[in-house]
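Chemist: Structure supplied as data.tsv; contents: TSV, C-alpha atoms.
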chain	number	residue	atom	x	y	z
A	29	MET	CA	145.84	221.00	-7.62
A	30	LEU	CA	142.84	219.04	-8.88
A	31	SER	CA	144.71	217.58	-11.83
A	32	GLU	CA	148.07	217.00	-10.13
A	33	TYR	CA	147.49	215.99	-6.49
A	34	TYR	CA	144.03	214.45	-6.30
A	35	PRO	CA	144.69	211.62	-8.79
A	36	GLN	CA	147.66	210.57	-6.65
A	37	LEU	CA	145.52	210.61	-3.51
A	38	ARG	CA	142.81	208.45	-5.05
A	39	ARG	CA	145.17	205.71	-6.10
A	40	VAL	CA	145.16	202.75	-3.71
A	41	LEU	CA	147.43	199.77	-4.01
A	42	CYS	CA	146.74	196.73	-1.85
A	43	VAL	CA	148.71	193.51	-1.62
A	44	VAL	CA	147.11	190.57	0.14
A	45	HIS	CA	149.05	187.46	1.12
A	46	TYR	CA	147.27	184.37	2.34
A	47	THR	CA	147.96	180.71	2.89
A	48	VAL	CA	145.43	178.04	1.99
A	49	ARG	CA	145.30	175.43	4.70
A	50	GLY	CA	145.13	171.86	3.47
A	51	PHE	CA	142.46	169.55	4.81
A	52	SER	CA	143.07	166.26	6.56
A	53	VAL	CA	141.43	163.19	5.06
A	54	GLU	CA	138.83	163.15	7.84
A	55	GLU	CA	137.99	166.83	7.30
A	56	GLY	CA	137.88	166.23	3.57
A	57	LYS	CA	135.37	163.41	3.96
A	58	GLU	CA	132.94	165.90	5.47
A	59	ILE	CA	133.75	168.79	3.15
A	60	ILE	CA	133.35	166.73	-0.03
A	61	LYS	CA	129.69	166.16	0.86
A	62	THR	CA	128.80	169.84	1.13
A	63	ARG	CA	131.55	172.02	-0.39
A	64	PRO	CA	133.67	169.92	-2.77
A	65	GLN	CA	134.88	173.04	-4.58
A	66	GLN	CA	137.07	173.76	-1.54
A	67	LEU	CA	139.12	170.59	-2.08
A	68	SER	CA	142.02	170.13	-4.44
A	69	LEU	CA	142.17	167.17	-6.76
A	70	ASP	CA	145.00	165.68	-4.71
A	71	GLU	CA	142.90	165.93	-1.54
A	72	MET	CA	140.06	164.15	-3.32
A	73	PHE	CA	142.43	161.34	-4.36
A	74	GLN	CA	143.60	160.99	-0.76
A	75	ILE	CA	139.99	160.77	0.41
A	76	ALA	CA	139.15	158.16	-2.25
A	77	ASN	CA	142.19	156.08	-1.31
A	78	SER	CA	141.06	156.03	2.32
A	79	TYR	CA	138.12	153.84	1.24
A	80	PRO	CA	138.32	150.26	-0.03
A	81	GLN	CA	138.92	150.23	-3.77
A	82	GLY	CA	135.67	149.72	-5.66
A	83	SER	CA	133.46	150.61	-2.69
A	84	GLU	CA	130.51	152.95	-3.17
A	85	SER	CA	132.27	155.76	-1.24
A	86	TYR	CA	135.44	155.29	-3.30
A	87	ASN	CA	133.46	155.54	-6.54
A	88	GLU	CA	131.49	158.58	-5.33
A	89	VAL	CA	134.68	160.53	-4.58
A	90	PHE	CA	135.98	159.93	-8.11
A	91	ASP	CA	132.60	160.93	-9.54
A	92	VAL	CA	132.83	164.21	-7.63
A	93	ALA	CA	136.45	164.69	-8.69
A	94	VAL	CA	135.64	164.43	-12.39
A	95	LYS	CA	132.67	166.80	-11.96
A	96	MET	CA	134.82	169.38	-10.18
A	97	PHE	CA	137.80	168.94	-12.56
A	98	PRO	CA	136.18	167.89	-15.86
A	99	GLU	CA	139.25	168.54	-18.00
A	100	ASP	CA	141.81	166.86	-15.75
A	101	PRO	CA	143.28	163.79	-17.50
A	102	VAL	CA	143.87	161.82	-14.28
A	103	ALA	CA	140.35	162.47	-12.96
A	104	ASN	CA	138.96	161.33	-16.32
A	105	LEU	CA	141.10	158.20	-16.32
A	106	ASN	CA	139.88	157.25	-12.83
A	107	ALA	CA	136.29	158.01	-13.79
A	108	SER	CA	136.65	155.79	-16.86
A	109	SER	CA	137.73	152.89	-14.63
A	110	ILE	CA	134.66	153.30	-12.47
A	111	ALA	CA	132.35	153.65	-15.47
A	112	LEU	CA	133.80	150.45	-16.99
A	113	ALA	CA	133.24	148.59	-13.71
A	114	LYS	CA	129.63	149.80	-13.66
A	115	GLY	CA	129.10	148.77	-17.28
A	116	ASP	CA	128.48	152.36	-18.38
A	117	TYR	CA	130.39	152.16	-21.65
A	118	ALA	CA	129.20	155.49	-23.07
A	119	SER	CA	130.51	157.39	-20.03
A	120	ALA	CA	133.69	155.33	-20.00
A	121	LYS	CA	134.43	156.30	-23.60
A	122	ARG	CA	133.64	159.96	-22.91
A	123	TYR	CA	136.06	159.94	-19.96
A	124	LEU	CA	138.72	158.07	-21.94
A	125	ASP	CA	138.53	160.72	-24.65
A	126	LYS	CA	139.67	163.31	-22.06
A	127	ALA	CA	142.34	161.16	-20.39
A	128	ASP	CA	146.09	161.25	-21.03
A	129	THR	CA	146.58	158.84	-23.93
A	130	SER	CA	150.30	158.43	-23.33
A	131	THR	CA	149.99	156.39	-20.13
A	132	ALA	CA	149.91	152.64	-19.65
A	133	ALA	CA	146.83	152.97	-17.45
A	134	TYR	CA	144.99	154.67	-20.31
A	135	GLN	CA	145.95	151.91	-22.73
A	136	ASN	CA	144.83	149.27	-20.23
A	137	ASN	CA	141.45	150.97	-19.67
A	138	LEU	CA	141.06	151.36	-23.42
A	139	GLY	CA	141.78	147.64	-23.82
A	140	ILE	CA	139.11	146.81	-21.23
A	141	TYR	CA	136.68	149.09	-23.04
A	142	TYR	CA	137.34	147.33	-26.35
A	143	LEU	CA	137.17	143.91	-24.70
A	144	LEU	CA	133.76	144.67	-23.23
A	145	GLN	CA	132.66	145.92	-26.65
A	146	GLU	CA	133.90	142.60	-28.11
A	147	ASP	CA	136.42	144.41	-30.31
A	148	TYR	CA	139.16	141.88	-29.58
A	149	GLY	CA	141.69	143.14	-32.11
A	150	ASN	CA	141.77	146.65	-30.68
A	151	ALA	CA	141.68	145.24	-27.15
A	152	ARG	CA	144.76	143.15	-27.89
A	153	ASN	CA	146.55	146.16	-29.39
A	154	ALA	CA	145.78	148.34	-26.36
A	155	PHE	CA	146.79	145.64	-23.85
A	156	THR	CA	150.00	145.02	-25.80
A	157	SER	CA	150.83	148.72	-25.77
A	158	ALA	CA	150.20	148.98	-22.00
A	159	SER	CA	152.19	145.82	-21.41
A	160	GLN	CA	155.15	147.22	-23.34
A	161	MET	CA	154.98	150.28	-21.07
A	162	GLY	CA	155.42	147.96	-18.09
A	163	LEU	CA	151.93	147.66	-16.62
A	164	GLU	CA	151.65	144.18	-15.11
A	165	ALA	CA	147.83	144.23	-15.03
A	166	SER	CA	147.77	144.65	-18.81
A	167	ARG	CA	149.99	141.59	-19.24
A	168	GLN	CA	147.48	139.58	-17.26
A	169	ASN	CA	144.61	141.07	-19.29
A	170	LEU	CA	146.45	140.22	-22.49
A	171	ASP	CA	146.95	136.62	-21.31
A	172	GLN	CA	143.26	136.31	-20.42
A	173	LEU	CA	142.24	137.76	-23.77
A	174	GLN	CA	144.52	135.34	-25.60
A	175	LYS	CA	142.99	132.39	-23.70
A	176	LYS	CA	139.51	133.63	-24.62
A	177	ILE	CA	140.46	133.99	-28.28
A	178	GLU	CA	141.92	130.48	-28.36
A	179	SER	CA	139.18	128.74	-26.38
A	180	GLU	CA	136.33	130.36	-28.30
A	181	LYS	CA	138.21	130.23	-31.61
A	182	ILE	CA	137.63	133.92	-32.22
A	183	GLU	CA	138.97	135.23	-35.49
A	184	ILE	CA	140.74	138.59	-35.20
A	185	ARG	CA	140.87	140.77	-38.27
Could you render the structure as structure tokens?

Modeler:
Amino acid sequence: MLSEYYPQLRRVLCVVHYTVRGFSVEEGKEIIKTRPQQLSLDEMFQIANSYPQGSESYNEVFDVAVKMFPEDPVANLNASSIALAKGDYASAKRYLDKADTSTAAYQNNLGIYYLLQEDYGNARNAFTSASQMGLEASRQNLDQLQKKIESEKIEIR
């Protein structure tokens, strides 16, 4: 009895089903301050986009997003944009190294990074690549870079 019946009686199998409720943007704005681990990356993006682009709150949400999802390529790409705008080139490069290199937005951010580092040849290559992928902002950046090269008579190697 001990070897045949008791093992069957001790075995317990439980199945738990649950649904995770999504947060509204307004709820998320409060939760991100105290419990950001409860938010998904998509919810964080929605919260960020509820603020004016470039505002302090907008930037803070993307800083939290990259801290909570440090390996996510989109979070890193957004964080690189903010770091470039702040002039924090070391962080921008670190974030770019974790971003998805196949996107036009990555190439554009990389071009901005090189431009700010005064590496005009690599900046032109990155802007050209992003432009060929169809990103209008990179075409404008490429035009501005070309004007700078011509007006300052910069020699590209």

Chemist: Using all atoms listed in the file, which of the listed residues (A:Ala154, A:Met161, A:Glu146, A:Gly50) sits closest to Lys176 (chain A)?

Modeler: A:Glu146

Chemist: When you look at region 107-119 of chain A with a cut-off of 7 Å (counting only C-alpha atoms), what residues show up, excluding the ones that are within fewer than 3 positions of it in the same chain? I need them as a list in words.

Modeler: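 Surrounding residues, per the criterion: Asn87, Phe90, Asp91, Val94, Ala103, Asn104, Arg122, Tyr123, Leu124, Asn137 and Tyr141 of chain A.
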
Chemist: Which polymer residues have any atom within 9 Å of an atom of Gly56 (chain A), counting all atoms listed in the file, with same-chain residues fewer than 6 positions away left out, as a PyMOL selection string?

Modeler: chain A and resi 64+67+71-72+74-75

Chemist: Take CA of Leu173 (chain A) and CA of Leu105 (chain A) and report the distance between them in Å, one decimal.

Modeler: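 A separation of 21.8 Å between them.
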
Chemist: Find the axis-aligned box for region 118-126 of chain A, covering all its listed atoms and adding 8 Å on each side, and write its centre and edge lengths in Å to one decimal as AutoDock Vina command-line options.

Modeler:
--center_x 134.4 --center_y 159.3 --center_z -22.3 --size_x 26.5 --size_y 24.0 --size_z 20.7

Chemist: Counting all atoms listed in the file, which of A:Gln160, A:Asn150, A:Ser68, A:Gln168 gets nearest to Arg49 (chain A)?

Modeler: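 The shortest atom-to-atom distance to Arg49 (chain A) comes from A:Ser68.
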